[in-house]
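Coordinates from entry-v3.txt are shown below (compact mmCIF, N, CA and C atoms).
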```
# COMPACT_ATOMS: atom_id res chain seq x y z
N MET J 1 14.23 -42.15 -16.23
CA MET J 1 15.29 -41.95 -15.26
C MET J 1 15.73 -40.49 -15.27
N SER J 2 15.90 -39.94 -14.11
CA SER J 2 16.26 -38.54 -13.96
C SER J 2 17.77 -38.35 -14.17
N ASP J 3 18.14 -37.22 -14.78
CA ASP J 3 19.55 -36.89 -14.96
C ASP J 3 20.12 -36.16 -13.75
N SER J 4 19.26 -35.75 -12.85
CA SER J 4 19.73 -35.02 -11.67
C SER J 4 20.30 -36.00 -10.65
N PRO J 5 21.29 -35.52 -9.88
CA PRO J 5 21.89 -36.41 -8.87
C PRO J 5 20.89 -36.68 -7.74
N PRO J 6 21.10 -37.75 -7.01
CA PRO J 6 20.24 -38.00 -5.85
C PRO J 6 20.32 -36.84 -4.87
N ARG J 7 19.24 -36.59 -4.18
CA ARG J 7 19.18 -35.48 -3.22
C ARG J 7 19.00 -36.04 -1.81
N ILE J 8 19.85 -35.57 -0.90
CA ILE J 8 19.72 -35.88 0.52
C ILE J 8 19.28 -34.60 1.22
N ARG J 9 18.15 -34.65 1.88
CA ARG J 9 17.67 -33.49 2.64
C ARG J 9 18.05 -33.67 4.10
N VAL J 10 18.84 -32.73 4.62
CA VAL J 10 19.25 -32.71 6.02
C VAL J 10 18.38 -31.68 6.72
N ILE J 11 17.60 -32.14 7.71
CA ILE J 11 16.62 -31.27 8.35
C ILE J 11 17.07 -30.90 9.76
N ASN J 12 17.19 -29.62 9.99
CA ASN J 12 17.40 -29.07 11.32
C ASN J 12 16.00 -28.89 11.92
N PRO J 13 15.63 -29.67 12.95
CA PRO J 13 14.26 -29.58 13.45
C PRO J 13 14.00 -28.40 14.38
N ASN J 14 15.00 -27.55 14.60
CA ASN J 14 14.69 -26.33 15.34
C ASN J 14 14.64 -25.17 14.37
N SER J 15 14.21 -24.04 14.84
CA SER J 15 14.01 -22.90 13.95
C SER J 15 15.22 -21.97 13.88
N ASN J 16 16.33 -22.39 14.43
CA ASN J 16 17.53 -21.56 14.47
C ASN J 16 18.28 -21.68 13.14
N GLU J 17 18.18 -20.65 12.32
CA GLU J 17 18.84 -20.64 11.01
C GLU J 17 20.36 -20.72 11.12
N ASP J 18 20.93 -20.20 12.22
CA ASP J 18 22.38 -20.30 12.40
C ASP J 18 22.81 -21.77 12.48
N VAL J 19 22.00 -22.60 13.13
CA VAL J 19 22.31 -24.02 13.21
C VAL J 19 22.27 -24.64 11.81
N THR J 20 21.27 -24.29 11.03
CA THR J 20 21.17 -24.83 9.67
C THR J 20 22.37 -24.40 8.83
N ARG J 21 22.77 -23.14 8.94
CA ARG J 21 23.95 -22.67 8.20
C ARG J 21 25.21 -23.41 8.66
N GLY J 22 25.31 -23.70 9.96
CA GLY J 22 26.44 -24.46 10.48
C GLY J 22 26.46 -25.89 9.94
N LEU J 23 25.28 -26.52 9.87
CA LEU J 23 25.19 -27.86 9.28
C LEU J 23 25.63 -27.82 7.82
N ASP J 24 25.13 -26.84 7.09
CA ASP J 24 25.44 -26.71 5.68
C ASP J 24 26.95 -26.57 5.48
N ALA J 25 27.59 -25.75 6.29
CA ALA J 25 29.04 -25.55 6.19
C ALA J 25 29.79 -26.84 6.57
N ALA J 26 29.33 -27.53 7.60
CA ALA J 26 29.99 -28.76 8.04
C ALA J 26 29.89 -29.86 6.99
N LEU J 27 28.83 -29.84 6.19
CA LEU J 27 28.63 -30.86 5.18
C LEU J 27 29.35 -30.56 3.86
N GLU J 28 29.90 -29.38 3.74
CA GLU J 28 30.56 -28.98 2.49
C GLU J 28 31.61 -30.00 2.02
N PRO J 29 32.45 -30.56 2.89
CA PRO J 29 33.44 -31.53 2.41
C PRO J 29 32.82 -32.81 1.82
N LEU J 30 31.55 -33.05 2.08
CA LEU J 30 30.88 -34.24 1.54
C LEU J 30 30.24 -33.99 0.19
N ARG J 31 30.31 -32.76 -0.28
CA ARG J 31 29.78 -32.41 -1.60
C ARG J 31 30.92 -32.55 -2.61
N PHE J 32 30.68 -33.34 -3.63
CA PHE J 32 31.72 -33.57 -4.64
C PHE J 32 31.07 -33.80 -5.99
N PRO J 33 31.82 -33.60 -7.07
CA PRO J 33 31.26 -33.80 -8.42
C PRO J 33 30.67 -35.20 -8.56
N ASN J 34 29.51 -35.28 -9.18
CA ASN J 34 28.78 -36.53 -9.41
C ASN J 34 28.30 -37.19 -8.13
N GLY J 35 28.42 -36.49 -7.00
CA GLY J 35 27.90 -37.01 -5.73
C GLY J 35 26.47 -36.53 -5.51
N PRO J 36 25.87 -36.96 -4.44
CA PRO J 36 24.50 -36.53 -4.17
C PRO J 36 24.44 -35.04 -3.82
N GLU J 37 23.34 -34.44 -4.16
CA GLU J 37 23.08 -33.06 -3.75
C GLU J 37 22.67 -33.11 -2.28
N ILE J 38 23.28 -32.28 -1.45
CA ILE J 38 22.93 -32.22 -0.04
C ILE J 38 22.27 -30.87 0.22
N VAL J 39 21.01 -30.92 0.64
CA VAL J 39 20.22 -29.71 0.87
C VAL J 39 19.88 -29.64 2.35
N CYS J 40 20.20 -28.54 2.99
CA CYS J 40 19.88 -28.36 4.40
C CYS J 40 18.65 -27.49 4.55
N SER J 41 17.74 -27.90 5.43
CA SER J 41 16.48 -27.19 5.64
C SER J 41 16.26 -26.95 7.13
N THR J 42 15.55 -25.89 7.42
CA THR J 42 15.16 -25.55 8.79
C THR J 42 13.67 -25.81 8.95
N LEU J 43 13.28 -26.41 10.07
CA LEU J 43 11.87 -26.60 10.37
C LEU J 43 11.37 -25.31 11.03
N ALA J 44 10.72 -24.47 10.26
CA ALA J 44 10.29 -23.16 10.75
C ALA J 44 9.37 -23.27 11.96
N GLU J 45 8.58 -24.35 12.05
CA GLU J 45 7.65 -24.51 13.16
C GLU J 45 8.33 -24.96 14.45
N GLY J 46 9.61 -25.33 14.37
CA GLY J 46 10.31 -25.85 15.54
C GLY J 46 10.66 -24.78 16.55
N PRO J 47 10.96 -25.20 17.78
CA PRO J 47 11.43 -24.24 18.79
C PRO J 47 12.83 -23.77 18.40
N PHE J 48 13.33 -22.75 19.08
CA PHE J 48 14.65 -22.21 18.75
C PHE J 48 15.74 -23.25 19.00
N GLY J 49 15.53 -24.13 19.95
CA GLY J 49 16.46 -25.21 20.23
C GLY J 49 15.70 -26.43 20.73
N ILE J 50 16.29 -27.59 20.59
CA ILE J 50 15.68 -28.83 21.10
C ILE J 50 16.42 -29.16 22.39
N GLU J 51 15.82 -28.80 23.52
CA GLU J 51 16.48 -29.00 24.81
C GLU J 51 15.69 -29.90 25.75
N THR J 52 14.39 -29.97 25.59
CA THR J 52 13.55 -30.73 26.51
C THR J 52 12.74 -31.76 25.74
N GLN J 53 12.11 -32.68 26.48
CA GLN J 53 11.24 -33.66 25.84
C GLN J 53 10.07 -32.96 25.15
N ALA J 54 9.58 -31.89 25.76
CA ALA J 54 8.49 -31.13 25.13
C ALA J 54 8.94 -30.56 23.79
N ASP J 55 10.18 -30.08 23.70
CA ASP J 55 10.71 -29.59 22.43
C ASP J 55 10.74 -30.71 21.40
N VAL J 56 11.20 -31.90 21.82
CA VAL J 56 11.25 -33.05 20.92
C VAL J 56 9.86 -33.36 20.39
N GLU J 57 8.91 -33.47 21.29
CA GLU J 57 7.54 -33.85 20.91
C GLU J 57 6.90 -32.80 20.01
N SER J 58 7.24 -31.53 20.21
CA SER J 58 6.59 -30.46 19.45
C SER J 58 6.94 -30.48 17.97
N VAL J 59 8.03 -31.14 17.60
CA VAL J 59 8.45 -31.13 16.19
C VAL J 59 8.10 -32.41 15.44
N VAL J 60 7.59 -33.41 16.14
CA VAL J 60 7.35 -34.71 15.50
C VAL J 60 6.41 -34.59 14.31
N MET J 61 5.24 -34.05 14.49
CA MET J 61 4.27 -33.99 13.38
C MET J 61 4.69 -33.01 12.28
N PRO J 62 5.22 -31.82 12.62
CA PRO J 62 5.72 -30.97 11.54
C PRO J 62 6.83 -31.62 10.72
N LEU J 63 7.72 -32.37 11.37
CA LEU J 63 8.76 -33.10 10.63
C LEU J 63 8.13 -34.15 9.72
N GLY J 64 7.16 -34.87 10.25
CA GLY J 64 6.49 -35.88 9.44
C GLY J 64 5.85 -35.27 8.20
N ARG J 65 5.20 -34.13 8.38
CA ARG J 65 4.56 -33.46 7.23
C ARG J 65 5.60 -32.99 6.23
N MET J 66 6.74 -32.49 6.72
CA MET J 66 7.79 -32.02 5.82
C MET J 66 8.32 -33.18 4.97
N VAL J 67 8.58 -34.31 5.59
CA VAL J 67 9.11 -35.46 4.85
C VAL J 67 8.07 -35.99 3.87
N GLU J 68 6.83 -36.12 4.31
CA GLU J 68 5.77 -36.63 3.43
C GLU J 68 5.56 -35.74 2.21
N ALA J 69 5.71 -34.43 2.40
CA ALA J 69 5.44 -33.49 1.31
C ALA J 69 6.61 -33.37 0.32
N ASP J 70 7.77 -33.87 0.70
CA ASP J 70 8.97 -33.72 -0.14
C ASP J 70 9.05 -34.88 -1.13
N ASN J 71 8.74 -34.58 -2.38
CA ASN J 71 8.81 -35.61 -3.43
C ASN J 71 10.10 -35.52 -4.25
N SER J 72 11.00 -34.62 -3.86
CA SER J 72 12.22 -34.45 -4.65
C SER J 72 13.47 -35.01 -3.96
N SER J 73 13.38 -35.37 -2.70
CA SER J 73 14.54 -35.90 -1.99
C SER J 73 14.52 -37.42 -2.01
N ASP J 74 15.71 -37.99 -2.07
CA ASP J 74 15.87 -39.45 -2.12
C ASP J 74 16.15 -40.05 -0.76
N ALA J 75 16.56 -39.22 0.19
CA ALA J 75 16.83 -39.67 1.56
C ALA J 75 16.76 -38.45 2.47
N PHE J 76 16.55 -38.71 3.75
CA PHE J 76 16.42 -37.64 4.74
C PHE J 76 17.33 -37.93 5.93
N VAL J 77 17.85 -36.86 6.52
CA VAL J 77 18.62 -36.95 7.75
C VAL J 77 18.00 -35.98 8.74
N ILE J 78 17.63 -36.48 9.91
CA ILE J 78 17.15 -35.61 10.98
C ILE J 78 18.38 -35.23 11.80
N ALA J 79 18.76 -33.97 11.71
CA ALA J 79 20.02 -33.50 12.27
C ALA J 79 19.82 -32.95 13.68
N CYS J 80 19.41 -33.83 14.58
CA CYS J 80 19.26 -33.50 16.00
C CYS J 80 19.51 -34.77 16.78
N TYR J 81 20.35 -34.70 17.79
CA TYR J 81 20.76 -35.90 18.49
C TYR J 81 19.59 -36.64 19.17
N SER J 82 18.49 -36.00 19.40
CA SER J 82 17.33 -36.68 19.99
C SER J 82 16.56 -37.49 18.96
N ASP J 83 16.90 -37.39 17.69
CA ASP J 83 16.20 -38.08 16.61
C ASP J 83 14.68 -37.85 16.66
N PRO J 84 14.25 -36.60 16.86
CA PRO J 84 12.80 -36.38 16.97
C PRO J 84 12.08 -36.76 15.68
N GLY J 85 10.96 -37.43 15.84
CA GLY J 85 10.12 -37.76 14.69
C GLY J 85 10.67 -38.84 13.79
N LEU J 86 11.72 -39.50 14.18
CA LEU J 86 12.37 -40.49 13.32
C LEU J 86 11.38 -41.55 12.83
N HIS J 87 10.63 -42.13 13.73
CA HIS J 87 9.73 -43.22 13.34
C HIS J 87 8.51 -42.70 12.58
N VAL J 88 8.00 -41.53 12.95
CA VAL J 88 6.88 -40.93 12.21
C VAL J 88 7.33 -40.62 10.78
N CYS J 89 8.51 -40.08 10.62
CA CYS J 89 9.02 -39.79 9.28
C CYS J 89 9.21 -41.07 8.48
N ARG J 90 9.72 -42.11 9.11
CA ARG J 90 9.91 -43.38 8.40
C ARG J 90 8.57 -43.97 7.96
N GLU J 91 7.54 -43.77 8.77
CA GLU J 91 6.21 -44.26 8.39
C GLU J 91 5.63 -43.46 7.23
N GLY J 92 6.07 -42.21 7.07
CA GLY J 92 5.50 -41.31 6.07
C GLY J 92 6.14 -41.37 4.70
N THR J 93 7.18 -42.18 4.53
CA THR J 93 7.86 -42.25 3.24
C THR J 93 8.48 -43.64 3.06
N ALA J 94 8.66 -44.01 1.81
CA ALA J 94 9.35 -45.26 1.51
C ALA J 94 10.85 -45.03 1.38
N ARG J 95 11.26 -43.76 1.38
CA ARG J 95 12.67 -43.42 1.25
C ARG J 95 13.38 -43.51 2.60
N PRO J 96 14.68 -43.70 2.63
CA PRO J 96 15.40 -43.83 3.90
C PRO J 96 15.36 -42.54 4.72
N VAL J 97 15.19 -42.70 6.02
CA VAL J 97 15.23 -41.59 6.97
C VAL J 97 16.23 -41.98 8.06
N PHE J 98 17.25 -41.15 8.25
CA PHE J 98 18.29 -41.42 9.23
C PHE J 98 18.24 -40.38 10.34
N GLY J 99 18.48 -40.81 11.55
CA GLY J 99 18.62 -39.90 12.69
C GLY J 99 20.09 -39.89 13.10
N ILE J 100 20.61 -38.73 13.44
CA ILE J 100 22.04 -38.67 13.72
C ILE J 100 22.42 -39.37 15.02
N ALA J 101 21.51 -39.46 15.99
CA ALA J 101 21.83 -40.21 17.21
C ALA J 101 21.94 -41.69 16.90
N GLU J 102 20.93 -42.24 16.25
CA GLU J 102 20.94 -43.65 15.92
C GLU J 102 22.17 -44.01 15.08
N CYS J 103 22.42 -43.21 14.05
CA CYS J 103 23.57 -43.48 13.18
C CYS J 103 24.89 -43.33 13.92
N GLY J 104 25.00 -42.30 14.74
CA GLY J 104 26.23 -42.07 15.48
C GLY J 104 26.53 -43.19 16.47
N VAL J 105 25.51 -43.60 17.21
CA VAL J 105 25.70 -44.66 18.20
C VAL J 105 26.03 -45.98 17.50
N LEU J 106 25.31 -46.32 16.45
CA LEU J 106 25.57 -47.58 15.76
C LEU J 106 26.95 -47.59 15.10
N THR J 107 27.39 -46.44 14.60
CA THR J 107 28.73 -46.35 14.03
C THR J 107 29.79 -46.52 15.13
N ALA J 108 29.58 -45.87 16.27
CA ALA J 108 30.52 -46.01 17.38
C ALA J 108 30.61 -47.46 17.83
N LEU J 109 29.48 -48.15 17.90
CA LEU J 109 29.47 -49.54 18.33
C LEU J 109 30.16 -50.46 17.33
N ALA J 110 30.16 -50.08 16.07
CA ALA J 110 30.86 -50.87 15.06
C ALA J 110 32.38 -50.74 15.20
N ARG J 111 32.81 -49.71 15.91
CA ARG J 111 34.25 -49.43 16.02
C ARG J 111 34.82 -49.76 17.39
N ALA J 112 33.97 -49.84 18.41
CA ALA J 112 34.47 -50.04 19.78
C ALA J 112 33.43 -50.77 20.62
N GLY J 113 33.88 -51.29 21.75
CA GLY J 113 32.99 -52.03 22.63
C GLY J 113 32.05 -51.14 23.42
N ARG J 114 32.50 -49.93 23.69
CA ARG J 114 31.68 -48.98 24.47
C ARG J 114 31.76 -47.61 23.81
N PHE J 115 30.83 -46.75 24.17
CA PHE J 115 30.78 -45.41 23.60
C PHE J 115 30.33 -44.42 24.66
N GLY J 116 30.63 -43.16 24.41
CA GLY J 116 30.18 -42.07 25.27
C GLY J 116 29.55 -40.98 24.43
N VAL J 117 28.88 -40.06 25.12
CA VAL J 117 28.18 -38.97 24.44
C VAL J 117 28.57 -37.65 25.09
N ILE J 118 28.75 -36.63 24.27
CA ILE J 118 28.94 -35.27 24.75
C ILE J 118 27.66 -34.52 24.42
N ALA J 119 26.94 -34.08 25.45
CA ALA J 119 25.67 -33.39 25.28
C ALA J 119 25.88 -31.88 25.23
N ILE J 120 24.94 -31.20 24.61
CA ILE J 120 25.01 -29.74 24.58
C ILE J 120 24.77 -29.18 25.97
N SER J 121 23.80 -29.75 26.69
CA SER J 121 23.50 -29.24 28.03
C SER J 121 23.15 -30.38 28.98
N GLN J 122 23.28 -30.11 30.26
CA GLN J 122 22.94 -31.08 31.30
C GLN J 122 21.47 -31.52 31.18
N ARG J 123 20.60 -30.59 30.79
CA ARG J 123 19.17 -30.89 30.68
C ARG J 123 18.86 -32.00 29.67
N SER J 124 19.74 -32.23 28.73
CA SER J 124 19.50 -33.21 27.67
C SER J 124 19.86 -34.64 28.08
N ILE J 125 20.67 -34.79 29.09
CA ILE J 125 21.25 -36.10 29.40
C ILE J 125 20.20 -37.14 29.76
N ALA J 126 19.24 -36.83 30.60
CA ALA J 126 18.22 -37.81 30.98
C ALA J 126 17.44 -38.28 29.75
N ARG J 127 17.13 -37.37 28.84
CA ARG J 127 16.41 -37.72 27.61
C ARG J 127 17.26 -38.65 26.73
N HIS J 128 18.54 -38.35 26.61
CA HIS J 128 19.43 -39.18 25.81
C HIS J 128 19.52 -40.59 26.41
N ARG J 129 19.63 -40.66 27.73
CA ARG J 129 19.73 -41.98 28.38
C ARG J 129 18.46 -42.80 28.17
N ARG J 130 17.30 -42.15 28.20
CA ARG J 130 16.04 -42.87 27.92
C ARG J 130 16.08 -43.45 26.52
N TYR J 131 16.58 -42.68 25.57
CA TYR J 131 16.66 -43.14 24.18
C TYR J 131 17.58 -44.36 24.07
N LEU J 132 18.73 -44.30 24.72
CA LEU J 132 19.66 -45.43 24.69
C LEU J 132 19.06 -46.65 25.36
N LEU J 133 18.28 -46.45 26.41
CA LEU J 133 17.59 -47.55 27.07
C LEU J 133 16.58 -48.18 26.11
N GLN J 134 15.84 -47.35 25.38
CA GLN J 134 14.88 -47.86 24.39
C GLN J 134 15.60 -48.64 23.29
N MET J 135 16.81 -48.21 22.95
CA MET J 135 17.59 -48.90 21.92
C MET J 135 18.23 -50.18 22.47
N GLY J 136 18.17 -50.38 23.79
CA GLY J 136 18.76 -51.56 24.41
C GLY J 136 20.28 -51.51 24.46
N LEU J 137 20.84 -50.31 24.57
CA LEU J 137 22.30 -50.16 24.45
C LEU J 137 22.98 -49.65 25.71
N THR J 138 22.28 -49.56 26.82
CA THR J 138 22.90 -48.98 28.01
C THR J 138 24.05 -49.82 28.54
N TYR J 139 24.07 -51.12 28.25
CA TYR J 139 25.16 -51.97 28.73
C TYR J 139 26.48 -51.65 28.03
N ARG J 140 26.43 -50.95 26.90
CA ARG J 140 27.65 -50.56 26.19
C ARG J 140 27.92 -49.06 26.29
N PHE J 141 27.12 -48.38 27.07
CA PHE J 141 27.19 -46.93 27.24
C PHE J 141 28.17 -46.60 28.37
N ALA J 142 29.25 -45.89 28.05
CA ALA J 142 30.27 -45.54 29.04
C ALA J 142 29.87 -44.34 29.88
N GLY J 143 29.12 -43.40 29.30
CA GLY J 143 28.70 -42.21 30.04
C GLY J 143 28.46 -41.03 29.13
N GLU J 144 27.97 -39.96 29.75
CA GLU J 144 27.66 -38.74 29.01
C GLU J 144 27.98 -37.54 29.86
N ARG J 145 28.53 -36.52 29.22
CA ARG J 145 28.87 -35.27 29.90
C ARG J 145 28.37 -34.10 29.07
N PRO J 146 27.95 -33.02 29.74
CA PRO J 146 27.54 -31.83 28.99
C PRO J 146 28.76 -30.98 28.61
N LEU J 147 28.60 -30.16 27.57
CA LEU J 147 29.65 -29.20 27.22
C LEU J 147 29.89 -28.27 28.37
```

Can you give me the file's structure in the form of C-alpha cells?
Amino acid sequence: MSDSPPRIRVINPNSNEDVTRGLDAALEPLRFPNGPEIVCSTLAEGPFGIETQADVESVVMPLGRMVEADNSSDAFVIACYSDPGLHVCREGTARPVFGIAECGVLTALARAGRFGVIAISQRSIARHRRYLLQMGLTYRFAGERPL
C-alpha cells in the first residue's frame, strides 16, 4: 500500500497554459491536508481552444494516450465542457474518468427539474445540444446562452 495520497489528474484538453493555470487556481480550495493530490495538466497536442467539433475530435486520441500512459493517477477529470475523449479515456483505463459536462449536468438534475447552460461562445451551442440529445436529456434542458 502506498503512503502517498490519491492523485486526481485534471486535464485541460487545449494547449492554452493560461486555462490550465486558471483551473489550478480554481481548484485550490479543494486541496486540503490528507486530501487527494490534484494535479492539473495541459494537453500540448490540443488546439488553443476547444470551439468546434473538429477541435473536439482532434484531442480524442491524444487524451486517450495521456490517460493510458499515466500510471500514477487514481482518477481523471477532463476539464472541457464538451467532454472530448471521455469514452475513449474510459476504455483506456480501469480508473474513473469524469467529464465536467456530464458531471455538471447530472449534478444539476439531482438538484432541480430543469437546467440551463452558459456557453463560452455561440459556436459551441449546437455541439452542446447534440451532446445533451445523446444523453437523452433535452426534455429537461431549459436553454443555453453564450457569454

DSSP on the backbone, then: every residue of segment 12-146 of chain J marked alpha helix (DSSP H), written as an MDAnalysis selection string. chainID J and resid 17:27 53:69 86:91 100:111 122:134

Sort by chain and increasing residue number a table of all residues of segment 58-145 of chain J within 7 Å of segment 31-51 of chain J, each with its closest pair of atoms and their distance in Å to one decimal, counting all atoms listed in the file, and write it as CSV.
```
residue,atom,partner,partner_atom,distance
J:Ser58,C,J:Gly46,CA,6.2
J:Val59,CA,J:Gly46,CA,5.6
J:Pro62,CA,J:Glu45,CA,6.9
J:Arg123,C,J:Glu51,C,5.5
J:Ser124,CA,J:Glu51,C,5.4
```

Residues near Glu68 of chain J, cut-off 7 Å, only C-alpha atoms, skip fewer than 4 positions along chain, as a count of residues only: 3

May I ask for the distance between atom C of Gly22 of chain J and atom CA of Ile100 of chain J, given in Å to one decimal place? 14.0 Å

For Asp74 of chain J, which residue among J:Leu132, J:Val56, J:Leu109, J:Val97 is the nearest when counting all atoms listed in the file? J:Val97

Near Arg95 of chain J, counting only C-alpha atoms, which residues have an atom at most 12 Å away, once you skip same-chain residues fewer than 4 positions from it, shown as an MDAnalysis selection string? chainID J and resid 6:9 67:68 70:77 89:91

Distance query 7 Å from (18.6, -36.8, 21.6) using all atoms listed in the file, result as a list in words: Cys80, Tyr81, Ser82, Asp83, Pro84, Ala101, Ser124, Arg127 and His128 of chain J

Take atom CA of Val88 of chain J and atom CA of Ala69 of chain J and report the distance between them in Å, one decimal.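 Atom-to-atom, atom CA of Val88 of chain J and atom CA of Ala69 of chain J are spaced 13.3 Å apart.
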
Computed interatomic separation between atom CA of Pro13 of chain J and atom CA of Asp55 of chain J (Å):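 Value for the atom CA of Pro13 of chain J-atom CA of Asp55 of chain J distance: 9.7 Å.
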
Using DSSP on the backbone, list every residue of chain J that comes out as strand (DSSP E or B), and give them as a VMD selection string. chain J and resid 7 to 12 37 to 42 75 to 78 97 to 99 115 to 119 141 to 146

Around all the atoms of segment 137-144 of chain J listed in the file, with 6 Å of room on each side, what axis-aligned box do you get, giving centre and edge lengths in Å to one decimal, as AutoDock Vina command-line options?
```
--center_x 25.6 --center_y -44.8 --center_z 27.2 --size_x 21.4 --size_y 26.4 --size_z 17.6
```

Fewer than 4 positions away in the same chain doesn't count, so skip those; otherwise give me all residues within 6.5 Å of Arg114 of chain J, counting only N, CA and C atoms, as a list in words.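 In the requested format, the answer is Ala108, Leu109, Arg140, Phe141 and Ala142 of chain J.
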
Mind dumping the selected residues with N, CA and C atoms as an mmCIF file, keeping the file's coordinate frame?
```
data_model
loop_
_atom_site.group_PDB
_atom_site.id
_atom_site.type_symbol
_atom_site.label_atom_id
_atom_site.label_comp_id
_atom_site.auth_asym_id
_atom_site.auth_seq_id
_atom_site.Cartn_x
_atom_site.Cartn_y
_atom_site.Cartn_z
ATOM 1 N N ALA J 108 29.580 -45.870 16.270
ATOM 2 C CA ALA J 108 30.520 -46.010 17.380
ATOM 3 C C ALA J 108 30.610 -47.460 17.830
ATOM 4 N N LEU J 109 29.480 -48.150 17.900
ATOM 5 C CA LEU J 109 29.470 -49.540 18.330
ATOM 6 C C LEU J 109 30.160 -50.460 17.330
ATOM 7 N N ARG J 140 26.430 -50.950 26.900
ATOM 8 C CA ARG J 140 27.650 -50.560 26.190
ATOM 9 C C ARG J 140 27.920 -49.060 26.290
ATOM 10 N N PHE J 141 27.120 -48.380 27.070
ATOM 11 C CA PHE J 141 27.190 -46.930 27.240
ATOM 12 C C PHE J 141 28.170 -46.600 28.370
ATOM 13 N N ALA J 142 29.250 -45.890 28.050
ATOM 14 C CA ALA J 142 30.270 -45.540 29.040
ATOM 15 C C ALA J 142 29.870 -44.340 29.880
#
```

Ranking J:Ser4, J:Val19, J:Arg65, J:Gly104 by minimum distance to Ile118 of chain J and counting only C-alpha atoms, which one comes first? J:Gly104
